[in-house]
file query20.cif (mmCIF, C-alpha atoms and all ligand atoms)
data_protein
#
loop_
_atom_site.label_atom_id
_atom_site.label_comp_id
_atom_site.auth_asym_id
_atom_site.auth_seq_id
_atom_site.Cartn_x
_atom_site.Cartn_y
_atom_site.Cartn_z
CA MET A 1 0.00 0.00 0.00
CA ALA A 2 1.45 3.38 -1.00
CA TYR A 3 2.03 5.70 1.94
CA GLN A 4 -0.88 7.67 3.27
CA ALA A 5 -1.35 9.10 6.74
CA LEU A 6 -4.07 7.08 8.49
CA THR A 7 -7.05 8.59 10.25
CA GLU A 8 -9.29 7.15 12.98
CA GLU A 9 -11.62 6.11 10.13
CA SER A 10 -9.13 4.59 7.72
CA VAL A 11 -7.32 2.58 10.45
CA VAL A 12 -10.30 0.17 10.62
CA GLY A 13 -10.04 -0.99 7.01
CA TYR A 14 -6.27 -1.10 7.29
CA VAL A 15 -6.06 -3.46 10.30
CA LYS A 16 -8.75 -5.73 8.85
CA GLY A 17 -6.73 -6.07 5.67
CA ARG A 18 -3.57 -7.27 7.40
CA PRO A 19 -3.04 -11.06 7.50
CA ALA A 20 -0.81 -10.78 10.59
CA LEU A 21 -3.70 -9.20 12.54
CA GLU A 22 -6.40 -11.61 11.39
CA ASN A 23 -6.80 -13.25 14.80
CA ILE A 24 -7.12 -9.93 16.60
CA PHE A 25 -9.45 -8.27 14.08
CA PRO A 26 -11.54 -10.87 12.21
CA PRO A 27 -13.37 -9.39 9.18
CA ASP A 28 -16.77 -9.05 10.86
CA CYS A 29 -15.66 -7.56 14.21
CA ASN A 30 -16.47 -4.06 15.45
CA VAL A 31 -13.39 -1.88 15.74
CA ALA A 32 -13.01 1.25 17.87
CA VAL A 33 -10.11 3.63 17.17
CA LYS A 34 -8.72 6.53 19.16
CA GLU A 35 -5.72 8.69 18.34
CA VAL A 36 -3.75 9.29 21.55
CA GLY A 37 -0.31 10.54 20.49
CA ASP A 38 0.94 13.20 22.87
CA GLY A 39 1.24 15.19 19.73
CA ASN A 40 4.99 15.62 19.47
CA VAL A 41 6.15 13.54 16.61
CA ASN A 42 3.98 10.69 15.34
CA LEU A 43 0.43 9.37 15.10
CA VAL A 44 -0.46 6.84 17.81
CA PHE A 45 -3.80 5.00 17.55
CA ILE A 46 -5.31 2.64 20.09
CA VAL A 47 -7.30 0.11 18.08
CA GLU A 48 -9.76 -2.14 19.93
CA ASN A 49 -11.86 -5.08 18.93
CA ARG A 50 -15.14 -4.10 20.56
CA ASP A 51 -16.41 -7.67 20.59
CA ASP A 52 -13.48 -8.89 22.65
CA ALA A 53 -12.10 -6.53 25.26
CA GLN A 54 -8.82 -8.47 25.46
CA HIS A 55 -8.01 -7.65 21.87
CA SER A 56 -6.49 -4.24 21.36
CA VAL A 57 -3.30 -2.97 19.75
CA VAL A 58 -1.38 0.25 19.34
CA LEU A 59 -0.66 1.38 15.79
CA LYS A 60 2.06 3.99 15.50
CA GLN A 61 2.64 5.74 12.19
CA ALA A 62 5.31 8.27 11.22
CA LEU A 63 4.33 11.43 9.39
CA PRO A 64 6.73 12.90 6.83
CA TYR A 65 7.26 15.91 9.11
CA LEU A 66 7.64 16.72 12.78
CA ARG A 67 4.15 16.86 14.14
CA VAL A 68 4.64 19.67 16.68
CA ALA A 69 6.33 21.88 14.12
CA GLY A 70 3.98 21.09 11.21
CA GLU A 71 4.72 20.43 7.55
CA SER A 72 7.35 23.16 7.52
CA TRP A 73 9.69 20.77 9.34
CA PRO A 74 10.18 17.69 7.17
CA LEU A 75 11.44 14.59 8.96
CA THR A 76 12.13 11.32 7.24
CA ARG A 77 9.40 8.70 7.66
CA GLU A 78 12.19 6.16 7.58
CA ARG A 79 12.48 6.66 11.33
CA MET A 80 9.68 4.13 11.72
CA ARG A 81 11.90 1.48 10.16
CA PHE A 82 14.52 2.16 12.84
CA GLU A 83 11.88 2.03 15.55
CA THR A 84 10.48 -1.25 14.22
CA GLN A 85 13.89 -2.88 13.90
CA ALA A 86 14.86 -1.82 17.40
CA LEU A 87 11.55 -3.04 18.89
CA LEU A 88 12.03 -6.41 17.17
CA THR A 89 15.56 -6.60 18.59
CA TYR A 90 14.21 -5.77 22.07
CA ASN A 91 11.53 -8.47 21.70
CA GLU A 92 14.34 -10.93 21.07
CA LEU A 93 16.93 -9.74 23.61
CA ALA A 94 14.72 -8.48 26.42
CA PRO A 95 11.32 -10.15 26.04
CA GLY A 96 8.56 -8.55 28.12
CA LEU A 97 10.54 -5.33 28.59
CA ALA A 98 9.28 -3.67 25.38
CA PRO A 99 5.87 -3.95 23.67
CA LYS A 100 5.48 -7.03 21.48
CA VAL A 101 5.51 -6.27 17.77
CA TYR A 102 2.52 -7.83 15.95
CA ASP A 103 2.94 -6.36 12.49
CA HIS A 104 4.88 -3.72 10.60
CA ASP A 105 4.68 -2.08 7.20
CA ASN A 106 7.68 -0.12 5.98
CA GLU A 107 5.88 1.41 3.02
CA MET A 108 3.21 2.83 5.32
CA SER A 109 5.87 3.72 7.93
CA LEU A 110 3.96 2.05 10.72
CA VAL A 111 4.26 -0.58 13.41
CA VAL A 112 1.48 -2.44 15.22
CA MET A 113 2.37 -3.40 18.76
CA GLU A 114 1.10 -4.60 22.08
CA HIS A 115 -1.27 -2.15 23.74
CA LEU A 116 0.21 -1.43 27.16
CA ARG A 117 -3.07 -1.19 28.98
CA ASP A 118 -2.96 -0.05 32.63
CA PHE A 119 0.58 1.29 32.16
CA GLU A 120 1.63 4.87 32.83
CA ILE A 121 4.32 6.99 31.23
CA MET A 122 6.87 7.03 34.05
CA ARG A 123 7.27 10.81 34.46
CA LYS A 124 3.72 11.27 35.65
CA PRO A 125 3.59 8.78 38.53
CA LEU A 126 7.05 9.96 39.60
CA VAL A 127 5.66 13.46 40.02
CA ALA A 128 2.80 11.88 42.02
CA ARG A 129 5.43 10.14 44.23
CA LYS A 130 4.50 6.60 43.25
CA ARG A 131 6.97 3.81 43.88
CA PHE A 132 7.76 0.92 41.55
CA PRO A 133 9.50 -1.92 43.38
CA ARG A 134 10.46 -3.80 40.22
CA PHE A 135 11.72 -0.88 38.15
CA ILE A 136 15.42 -1.19 39.07
CA ASP A 137 15.51 -4.85 38.16
CA HIS A 138 13.57 -4.34 34.92
CA ILE A 139 15.36 -1.34 33.49
CA SER A 140 18.81 -2.63 34.43
CA THR A 141 18.04 -5.94 32.72
CA PHE A 142 16.72 -4.11 29.67
CA MET A 143 19.83 -1.96 29.36
CA ALA A 144 22.35 -4.67 30.18
CA ARG A 145 20.89 -7.17 27.70
CA THR A 146 20.08 -4.88 24.77
CA LEU A 147 23.41 -3.06 25.04
CA PHE A 148 25.69 -6.02 25.77
CA PHE A 149 24.26 -8.29 23.07
CA THR A 150 24.59 -5.60 20.37
CA SER A 151 28.18 -4.65 21.31
CA ASP A 152 31.61 -5.77 20.14
CA LEU A 153 31.88 -7.75 23.36
CA TYR A 154 29.32 -10.24 22.07
CA LEU A 155 29.06 -9.91 18.28
CA THR A 156 31.74 -10.48 15.67
CA ARG A 157 32.92 -7.51 13.65
CA VAL A 158 31.07 -8.85 10.59
CA GLU A 159 27.82 -9.12 12.56
CA ILE A 160 28.26 -5.63 14.01
CA LYS A 161 28.89 -4.08 10.60
CA ALA A 162 25.81 -5.75 9.14
CA LEU A 163 23.68 -4.49 12.02
CA GLN A 164 25.10 -0.97 11.83
CA GLU A 165 24.13 -0.73 8.17
CA LYS A 166 20.49 -1.08 9.19
CA TYR A 167 20.73 2.02 11.38
CA VAL A 168 22.18 4.71 9.15
CA HIS A 169 20.14 7.87 9.55
CA ALA A 170 22.02 11.11 9.23
CA GLN A 171 18.97 13.34 9.65
CA LEU A 172 17.76 11.84 12.93
CA ASN A 173 21.29 11.70 14.37
CA LYS A 174 21.77 15.34 13.57
CA ILE A 175 18.71 16.28 15.60
CA GLN A 176 20.21 14.70 18.73
CA GLU A 177 23.73 15.90 17.95
CA ASP A 178 22.67 19.52 17.62
CA PHE A 179 19.82 19.73 20.10
CA VAL A 180 21.64 17.90 22.90
CA PHE A 181 25.24 18.98 22.45
CA THR A 182 25.39 22.28 20.52
CA ASN A 183 22.41 24.57 20.02
CA PRO A 184 21.30 24.95 23.65
CA TYR A 185 24.68 26.44 24.52
CA MET A 186 24.69 29.20 21.91
CA GLU A 187 22.17 31.58 20.44
CA SER A 188 19.69 29.56 18.42
CA PRO A 189 16.10 30.56 17.66
CA GLU A 190 14.41 27.39 18.96
CA ASN A 191 15.94 27.63 22.45
CA THR A 192 13.59 28.44 25.31
CA TRP A 193 14.30 28.89 29.00
CA ASN A 194 12.78 30.24 32.12
CA PRO A 195 13.59 33.99 32.27
CA GLU A 196 14.17 33.56 36.02
CA ILE A 197 17.36 31.60 35.25
CA ASP A 198 18.54 33.86 32.46
CA ALA A 199 21.82 34.70 34.20
CA GLU A 200 22.65 31.04 34.80
CA VAL A 201 21.84 30.12 31.19
CA LYS A 202 24.01 32.92 29.83
CA ALA A 203 26.84 31.87 32.15
CA VAL A 204 26.76 28.34 30.69
CA ARG A 205 26.93 29.74 27.18
CA LYS A 206 30.22 31.47 27.89
CA ASN A 207 31.81 28.91 30.21
CA ARG A 208 34.91 27.81 28.36
CA GLU A 209 35.53 24.57 30.27
CA LEU A 210 31.90 23.50 29.97
CA LYS A 211 31.86 24.17 26.26
CA LEU A 212 35.01 22.10 25.83
CA ALA A 213 33.43 19.26 27.81
CA LEU A 214 30.21 19.45 25.79
CA VAL A 215 31.95 19.26 22.45
CA GLU A 216 34.02 16.33 23.71
CA MET A 217 30.81 14.51 24.60
CA LYS A 218 29.37 15.36 21.18
CA GLU A 219 32.40 13.86 19.53
CA ALA A 220 31.96 10.70 21.59
CA TYR A 221 28.27 10.55 20.63
CA ILE A 222 29.14 10.83 16.95
CA THR A 223 32.14 8.51 16.81
CA HIS A 224 31.87 5.99 19.64
CA LYS A 225 29.79 3.17 18.13
CA GLN A 226 29.67 0.91 21.17
CA ALA A 227 26.26 -0.74 20.91
CA LEU A 228 22.73 -0.31 19.59
CA ILE A 229 21.53 2.45 21.90
CA HIS A 230 17.93 3.65 22.24
CA SER A 231 19.18 7.21 22.18
CA ASP A 232 16.10 8.76 23.79
CA LEU A 233 15.81 6.67 26.95
CA HIS A 234 14.20 9.16 29.31
CA THR A 235 11.30 8.62 31.70
CA GLY A 236 8.89 9.59 28.88
CA SER A 237 10.05 6.51 26.96
CA VAL A 238 9.26 4.13 29.83
CA MET A 239 5.75 2.82 30.50
CA LEU A 240 5.21 0.85 33.68
CA ASN A 241 2.98 -0.39 36.45
CA GLN A 242 3.61 -2.43 39.61
CA GLU A 243 4.26 -5.63 37.66
CA ARG A 244 5.86 -4.66 34.38
CA THR A 245 8.17 -2.09 32.79
CA CYS A 246 8.35 -1.48 29.03
CA VAL A 247 10.63 0.71 26.96
CA ILE A 248 8.91 2.40 24.01
CA ASP A 249 9.76 4.85 21.23
CA PRO A 250 13.22 3.82 19.95
CA GLU A 251 12.96 5.83 16.71
CA PHE A 252 16.40 7.39 17.30
CA ALA A 253 18.08 4.00 17.89
CA PHE A 254 21.56 3.74 16.36
CA PHE A 255 25.10 2.68 17.26
CA GLY A 256 26.45 5.08 19.85
CA PRO A 257 27.93 5.31 23.34
CA ILE A 258 26.25 3.17 25.99
CA GLY A 259 26.56 5.99 28.53
CA PHE A 260 24.13 8.07 26.49
CA ASP A 261 21.29 5.67 27.40
CA VAL A 262 22.28 5.13 31.02
CA GLY A 263 22.92 8.87 31.41
CA ALA A 264 19.48 9.75 30.01
CA MET A 265 17.80 7.46 32.52
CA LEU A 266 19.73 8.70 35.57
CA GLU A 267 19.53 12.35 34.56
CA ASN A 268 15.75 12.18 34.21
CA LEU A 269 15.46 10.68 37.68
CA ILE A 270 17.51 13.60 39.01
CA LEU A 271 15.34 16.17 37.20
CA ASN A 272 12.31 14.53 38.76
CA PHE A 273 14.07 14.68 42.16
CA LEU A 274 14.56 18.44 41.70
CA SER A 275 11.01 19.04 40.48
CA HIS A 276 9.73 17.96 43.91
CA TYR A 277 10.99 21.23 45.42
CA ALA A 278 7.87 22.62 43.75
CA HIS A 279 5.59 19.58 43.50
CA THR A 280 5.93 18.36 47.09
CA LEU A 281 5.79 21.09 49.68
CA ASP A 282 5.68 18.88 52.77
CA ARG A 283 9.36 18.61 53.69
CA LYS A 284 9.21 15.16 55.21
CA GLU A 285 7.30 13.71 52.33
CA ARG A 286 9.61 15.38 49.85
CA SER A 287 12.77 14.23 51.50
CA SER A 288 11.50 10.66 51.75
CA TYR A 289 10.59 10.55 48.06
CA GLN A 290 13.81 12.24 47.00
CA GLN A 291 15.76 9.59 48.93
CA TYR A 292 13.77 6.98 47.05
CA LEU A 293 14.76 8.57 43.72
CA LEU A 294 18.43 8.54 44.71
CA GLU A 295 18.06 4.87 45.60
CA LEU A 296 16.72 4.33 42.10
CA VAL A 297 19.76 6.09 40.62
CA ARG A 298 22.13 3.99 42.73
CA GLY A 299 20.23 0.77 42.11
CA VAL A 300 19.86 1.25 38.36
CA TRP A 301 23.59 1.86 37.91
CA ASN A 302 24.77 -0.89 40.27
CA GLU A 303 22.44 -3.53 38.89
CA PHE A 304 23.13 -2.50 35.31
CA ALA A 305 26.90 -2.70 35.87
CA GLY A 306 26.63 -6.06 37.65
CA LYS A 307 24.40 -7.58 34.98
CA PHE A 308 26.50 -6.23 32.12
CA ASP A 309 29.66 -7.69 33.68
CA GLY A 310 27.90 -11.01 34.33
CA LEU A 311 26.77 -11.26 30.69
CA TRP A 312 30.28 -10.47 29.56
CA VAL A 313 31.87 -13.22 31.67
CA GLU A 314 29.28 -15.69 30.47
CA HIS A 315 29.19 -14.74 26.77
CA ASN A 316 32.58 -13.34 25.82
CA CYS A 317 32.14 -14.22 22.13
CA GLY A 318 32.87 -10.91 20.38
CA ASP A 319 35.94 -10.25 18.27
CA LEU A 320 37.11 -7.49 20.57
CA VAL A 321 38.72 -9.68 23.22
CA GLN A 322 38.49 -13.40 22.61
CA SER A 323 38.84 -15.66 25.62
CA ALA A 324 42.03 -17.22 24.19
CA TYR A 325 43.66 -13.82 24.42
CA TRP A 326 43.52 -14.00 28.20
CA GLN A 327 45.08 -17.43 28.42
CA PHE A 328 48.33 -16.61 30.15
CA PRO A 329 49.36 -16.62 33.81
CA GLY A 330 47.27 -13.94 35.50
CA GLY A 331 45.07 -13.63 32.40
CA ASP A 332 41.85 -14.03 34.40
CA LYS A 333 42.78 -11.07 36.53
CA ALA A 334 43.77 -9.04 33.48
CA PHE A 335 40.37 -9.78 31.89
CA ALA A 336 38.64 -8.70 35.11
CA GLU A 337 40.70 -5.51 35.10
CA TYR A 338 39.75 -4.78 31.49
CA ARG A 339 36.07 -5.26 32.35
CA ARG A 340 36.44 -2.98 35.35
CA ARG A 341 38.05 -0.26 33.22
CA TYR A 342 35.45 -0.62 30.47
CA ILE A 343 32.54 -0.36 32.91
CA LEU A 344 34.17 2.59 34.69
CA GLY A 345 34.37 4.22 31.23
CA LEU A 346 30.63 3.63 30.85
CA LEU A 347 30.00 5.39 34.16
CA GLN A 348 32.16 8.36 33.16
CA ASP A 349 30.27 8.59 29.83
CA THR A 350 27.04 8.33 31.80
CA ALA A 351 28.13 11.38 33.79
CA GLY A 352 29.16 13.34 30.69
CA CYS A 353 26.13 12.48 28.55
CA GLY A 354 23.73 12.73 31.52
CA GLY A 355 25.20 16.13 32.41
CA ALA A 356 24.79 17.41 28.84
CA LYS A 357 21.22 16.15 28.70
CA MET A 358 20.40 17.76 32.03
CA LEU A 359 21.68 21.11 30.79
CA ARG A 360 19.89 20.93 27.47
CA ARG A 361 16.55 20.41 29.25
CA MET A 362 17.11 23.75 30.98
CA MET A 363 17.96 25.84 27.91
CA GLY A 364 17.26 24.00 24.65
CA ILE A 365 14.32 23.17 22.42
CA VAL A 366 12.41 20.91 24.86
CA SER A 367 12.24 20.74 28.61
CA VAL A 368 10.62 17.90 30.57
CA TRP A 369 7.07 17.78 31.86
CA ASP A 370 8.33 17.31 35.43
CA MET A 371 9.61 20.91 35.20
CA THR A 372 7.19 22.54 32.76
CA SER A 373 4.25 21.45 34.91
CA ILE A 374 5.56 23.87 37.59
CA LYS A 375 3.62 26.93 36.52
CA ASP A 376 5.13 29.50 38.90
CA LEU A 377 8.38 30.52 37.22
CA LYS A 378 10.10 31.50 40.47
CA GLU A 379 9.32 28.09 41.96
CA ARG A 380 10.41 26.40 38.78
CA ALA A 381 13.73 28.25 38.96
CA ILE A 382 14.34 26.76 42.42
CA ALA A 383 14.27 23.32 40.81
CA GLU A 384 16.16 24.37 37.68
CA ARG A 385 19.15 26.17 39.18
CA PRO A 386 20.55 23.05 40.86
CA ALA A 387 19.97 21.13 37.61
CA ILE A 388 22.38 23.50 35.89
CA ARG A 389 24.95 23.12 38.68
CA ILE A 390 24.64 19.33 38.81
CA GLY A 391 24.69 18.90 35.03
CA SER A 392 27.76 21.13 34.82
CA ARG A 393 29.63 19.21 37.51
CA TRP A 394 28.72 15.78 36.05
CA LEU A 395 30.28 17.02 32.82
CA LEU A 396 33.34 18.73 34.25
CA GLU A 397 34.17 16.09 36.85
CA ARG A 398 33.33 13.05 34.75
CA ARG A 399 36.91 11.81 34.48
CA GLN A 400 37.35 11.78 38.26
CA ILE A 401 34.15 9.80 38.86
CA THR A 402 34.94 6.36 40.29
CA GLY A 403 31.54 5.16 41.48
CA ILE A 404 27.86 6.03 41.39
CA ASP A 405 28.13 7.60 44.86
CA ASP A 406 30.28 10.34 43.33
CA LEU A 407 27.40 11.32 41.04
CA ILE A 408 24.90 11.15 43.89
CA GLY A 409 27.28 13.13 46.12
CA ILE A 410 27.23 15.98 43.59
CA VAL A 411 23.42 16.00 43.71
CA GLU A 412 23.50 16.13 47.52
CA GLU A 413 26.08 18.92 47.61
CA GLU A 414 24.28 21.04 45.05
CA THR A 415 20.92 20.74 46.78
CA ARG A 416 22.13 21.40 50.33
CA GLU A 417 21.42 25.12 50.10
CA VAL A 418 17.97 24.48 48.58
CA GLU A 419 17.21 22.30 51.61
CA ALA A 420 18.36 24.97 54.00
CA SER A 421 16.32 27.82 52.48
P1 LIG A 501 6.29 9.85 19.77
O1 LIG A 501 7.43 9.21 19.03
O2 LIG A 501 5.37 10.56 18.87
O3 LIG A 501 6.78 10.67 20.93
P2 LIG A 501 5.60 7.69 21.60
O4 LIG A 501 6.09 6.36 21.16
O5 LIG A 501 6.35 8.38 22.70
O6 LIG A 501 5.43 8.65 20.36
O7 LIG A 501 4.08 7.53 22.02
C1 LIG A 501 3.27 8.64 22.33
C2 LIG A 501 2.30 8.26 23.45
O8 LIG A 501 1.44 7.21 23.01
C3 LIG A 501 3.00 7.71 24.68
O9 LIG A 501 3.38 8.75 25.53
C4 LIG A 501 1.91 6.83 25.27
O10 LIG A 501 1.02 7.61 26.02
C5 LIG A 501 1.19 6.29 24.06
N1 LIG A 501 1.72 4.97 23.67
C6 LIG A 501 2.75 4.72 22.82
N2 LIG A 501 2.95 3.39 22.68
C7 LIG A 501 2.04 2.77 23.46
C8 LIG A 501 1.72 1.40 23.74
N3 LIG A 501 2.40 0.38 23.19
N4 LIG A 501 0.68 1.15 24.58
C9 LIG A 501 -0.01 2.17 25.14
N5 LIG A 501 0.24 3.48 24.92
C10 LIG A 501 1.25 3.78 24.09
MG MG A 502 9.35 9.71 19.73
#

call {"tool": "encode", "arguments": {"input": "query20.cif", "output": "structure tokens", "more": "lines below"}}
Ligand code: ADP
Ligand code: MG
result
Amino acid sequence: MAYQALTEESVVGYVKGRPALENIFPPDCNVAVKEVGDGNVNLVFIVENRDDAQHSVVLKQALPYLRVAGESWPLTRERMRFETQALLTYNELAPGLAPKVYDHDNEMSLVVMEHLRDFEIMRKPLVARKRFPRFIDHISTFMARTLFFTSDLYLTRVEIKALQEKYVHAQLNKIQEDFVFTNPYMESPENTWNPEIDAEVKAVRKNRELKLALVEMKEAYITHKQALIHSDLHTGSVMLNQERTCVIDPEFAFFGPIGFDVGAMLENLILNFLSHYAHTLDRKERSSYQQYLLELVRGVWNEFAGKFDGLWVEHNCGDLVQSAYWQFPGGDKAFAEYRRRYILGLLQDTAGCGGAKMLRRMMGIVSVWDMTSIKDLKERAIAERPAIRIGSRWLLERRQITGIDDLIGIVEEETREVEAS
């Protein structure tokens, strides 16, 4: 079928015409359709078989432009191919931790996937101070498995090259490259920021050491093809409930530095932490929930690092360091030392990429709902100022970081005066 953007009406005929969906939508069933996309980028339809409440799917279709900006901002529809490929890879490597793919259609730039009913986009319940006892285990497993099994530590060079060829997308990469690492820190028309933090924003834009650190992280993002990263793994790309956690929306997936994904996750937890200075006025309640968020940061890193190392020991089949290479007296210890150094490098990249992403949310094209939902700009500034200090220090001190407690320590130091006021 030649490409056409679907509507709530035309989705019905489309799903009924797809052999892969025959069991979910038999020809004579009643179908209800609702478009629910948050409106940023793509069309997202929930499609339900009215005769059988168990049968519903989500159909996501790319438009040939960026939805928020309108047709004046063309954006390749091919991004849906990257999203589909990545979701299929997640289904294989981390089953249950991403929506199941039922059908896809490259010509129509769409994917049909499991409807995550009774799930919430993570940002919202975090603002409402909900707790998710299984989140650390789930997200660390997701990251460790999808990143390890697509890296040079597991795959041969030939396999890696073949996989990388499926994820070549200059236009999408450039969006992240510029909007995360460059434009927010110079004059650029799309930048927005809270006028209350104008002085802090301007100070970042002329801070020599910070600008050097940012461009170094950009270079790493462009050149360091470590694994198939999601590349937009923030708390708006996680849907969860008490039992399950699913990662969605990997349209930017490509081969890049692992720390970019881990950093996005940790940095978003910290921004949520800071947003509670406005969202949660009761001090005791706030402090208790903020401690919980720091436990998430610690737990996500520690479990991710432990699982990644465990997978490496068990499946050291990549061309990078074959097991035979370590067969010499003391070789076991040398292998352990190489793993330690590699994983420490991931943490330092996590700090650098997480720091850059924290800063860009304060002064670039898009902020995060955790912050923008604080309507009083003075109150919002109370949450945003420490984000600028923390992001800056994560970036500048990244090479001295030796453990996750160093990153958490920076958060504690930079929020001490907020606590006291
Ligand atoms: P975009 O790329 O346009 O940002 P997302 O993949 O983030 O699209 O999806 C937009 C919204 O649609 C999500 O925030 C979520 O509310 C809803 N959504 C997306 N996928 C699913 C799904 N599999 N099940 C239920 N809701 C979903
Ligand atoms: Mg998206």

call {"tool": "closest_residue", "arguments": {"input": "query20.cif", "among": "A:Leu147, A:Leu163, A:Ala199, A:Val247", "to": "ligand LIG 501 (chain A)", "atoms": "only C-alpha atoms and all ligand atoms"}}
result
A:Val247

call {"tool": "residues_near_ligand", "arguments": {"input": "query20.cif", "ligand": "ligand LIG 501 (chain A)", "cutoff": "6 Å", "atoms": "only C-alpha atoms and all ligand atoms", "output": "JSON list (two decimals) with C-alpha atoms, keeping the file's coordinate frame"}}
result
[["chain", "number", "residue", "atom", "x", "y", "z"],
["A", 36, "VAL", "CA", -3.75, 9.29, 21.55],
["A", 37, "GLY", "CA", -0.31, 10.54, 20.49],
["A", 38, "ASP", "CA", 0.94, 13.20, 22.87],
["A", 40, "ASN", "CA", 4.99, 15.62, 19.47],
["A", 41, "VAL", "CA", 6.15, 13.54, 16.61],
["A", 42, "ASN", "CA", 3.98, 10.69, 15.34],
["A", 44, "VAL", "CA", -0.46, 6.84, 17.81],
["A", 58, "VAL", "CA", -1.38, 0.25, 19.34],
["A", 99, "PRO", "CA", 5.87, -3.95, 23.67],
["A", 113, "MET", "CA", 2.37, -3.40, 18.76],
["A", 114, "GLU", "CA", 1.10, -4.60, 22.08],
["A", 115, "HIS", "CA", -1.27, -2.15, 23.74],
["A", 116, "LEU", "CA", 0.21, -1.43, 27.16],
["A", 117, "ARG", "CA", -3.07, -1.19, 28.98],
["A", 237, "SER", "CA", 10.05, 6.51, 26.96],
["A", 248, "ILE", "CA", 8.91, 2.40, 24.01],
["A", 249, "ASP", "CA", 9.76, 4.85, 21.23]]

call {"tool": "atom_distance", "arguments": {"input": "query20.cif", "atom1": "CA of Asp309 (chain A)", "atom2": "CA of Phe148 (chain A)"}}
result
9.0 Å

call {"tool": "residues_around", "arguments": {"input": "query20.cif", "residues": "region 351-358 of chain A", "least_positions_apart": "6", "cutoff": "6 Å", "atoms": "all atoms listed in the file", "output": "PDB file with C-alpha atoms, in the coordinates of the input"}}
result
ATOM      1  CA  PHE A 260      24.130   8.070  26.490  1.00  0.00           C
ATOM      2  CA  GLY A 263      22.920   8.870  31.410  1.00  0.00           C
ATOM      3  CA  ALA A 264      19.480   9.750  30.010  1.00  0.00           C
ATOM      4  CA  GLU A 267      19.530  12.350  34.560  1.00  0.00           C
ATOM      5  CA  GLY A 391      24.690  18.900  35.030  1.00  0.00           C
ATOM      6  CA  TRP A 394      28.720  15.780  36.050  1.00  0.00           C
ATOM      7  CA  LEU A 395      30.280  17.020  32.820  1.00  0.00           C
ATOM      8  CA  ARG A 398      33.330  13.050  34.750  1.00  0.00           C
TER       9      ARG A 398
END

call {"tool": "closest_residue", "arguments": {"input": "query20.cif", "among": "A:Leu43, A:Ala94, A:Val101, A:Leu59", "to": "ligand MG 502 (chain A)", "atoms": "only C-alpha atoms and all ligand atoms"}}
result
A:Leu43

call {"tool": "atom_distance", "arguments": {"input": "query20.cif", "atom1": "CA of Ala387 (chain A)", "atom2": "CA of Met371 (chain A)"}}
result
10.6 Å

call {"tool": "closest_residue", "arguments": {"input": "query20.cif", "among": "A:Lys307, A:Arg416, A:Lys161, A:Arg205", "to": "Lys225 (chain A)", "atoms": "all atoms listed in the file"}}
result
A:Lys161

call {"tool": "closest_residue", "arguments": {"input": "query20.cif", "among": "A:Gln61, A:Asn207, A:Asn106, A:Ser56", "to": "ligand MG 502 (chain A)", "atoms": "only C-alpha atoms and all ligand atoms"}}
result
A:Gln61

call {"tool": "residues_around", "arguments": {"input": "query20.cif", "residues": "Arg129 (chain A)", "least_positions_apart": "3", "cutoff": "10 Å", "atoms": "only C-alpha atoms", "output": "number ranges by chain"}}
result
A: 123-126, 132, 272-273, 276, 279-280, 285-286, 288-290, 292-293
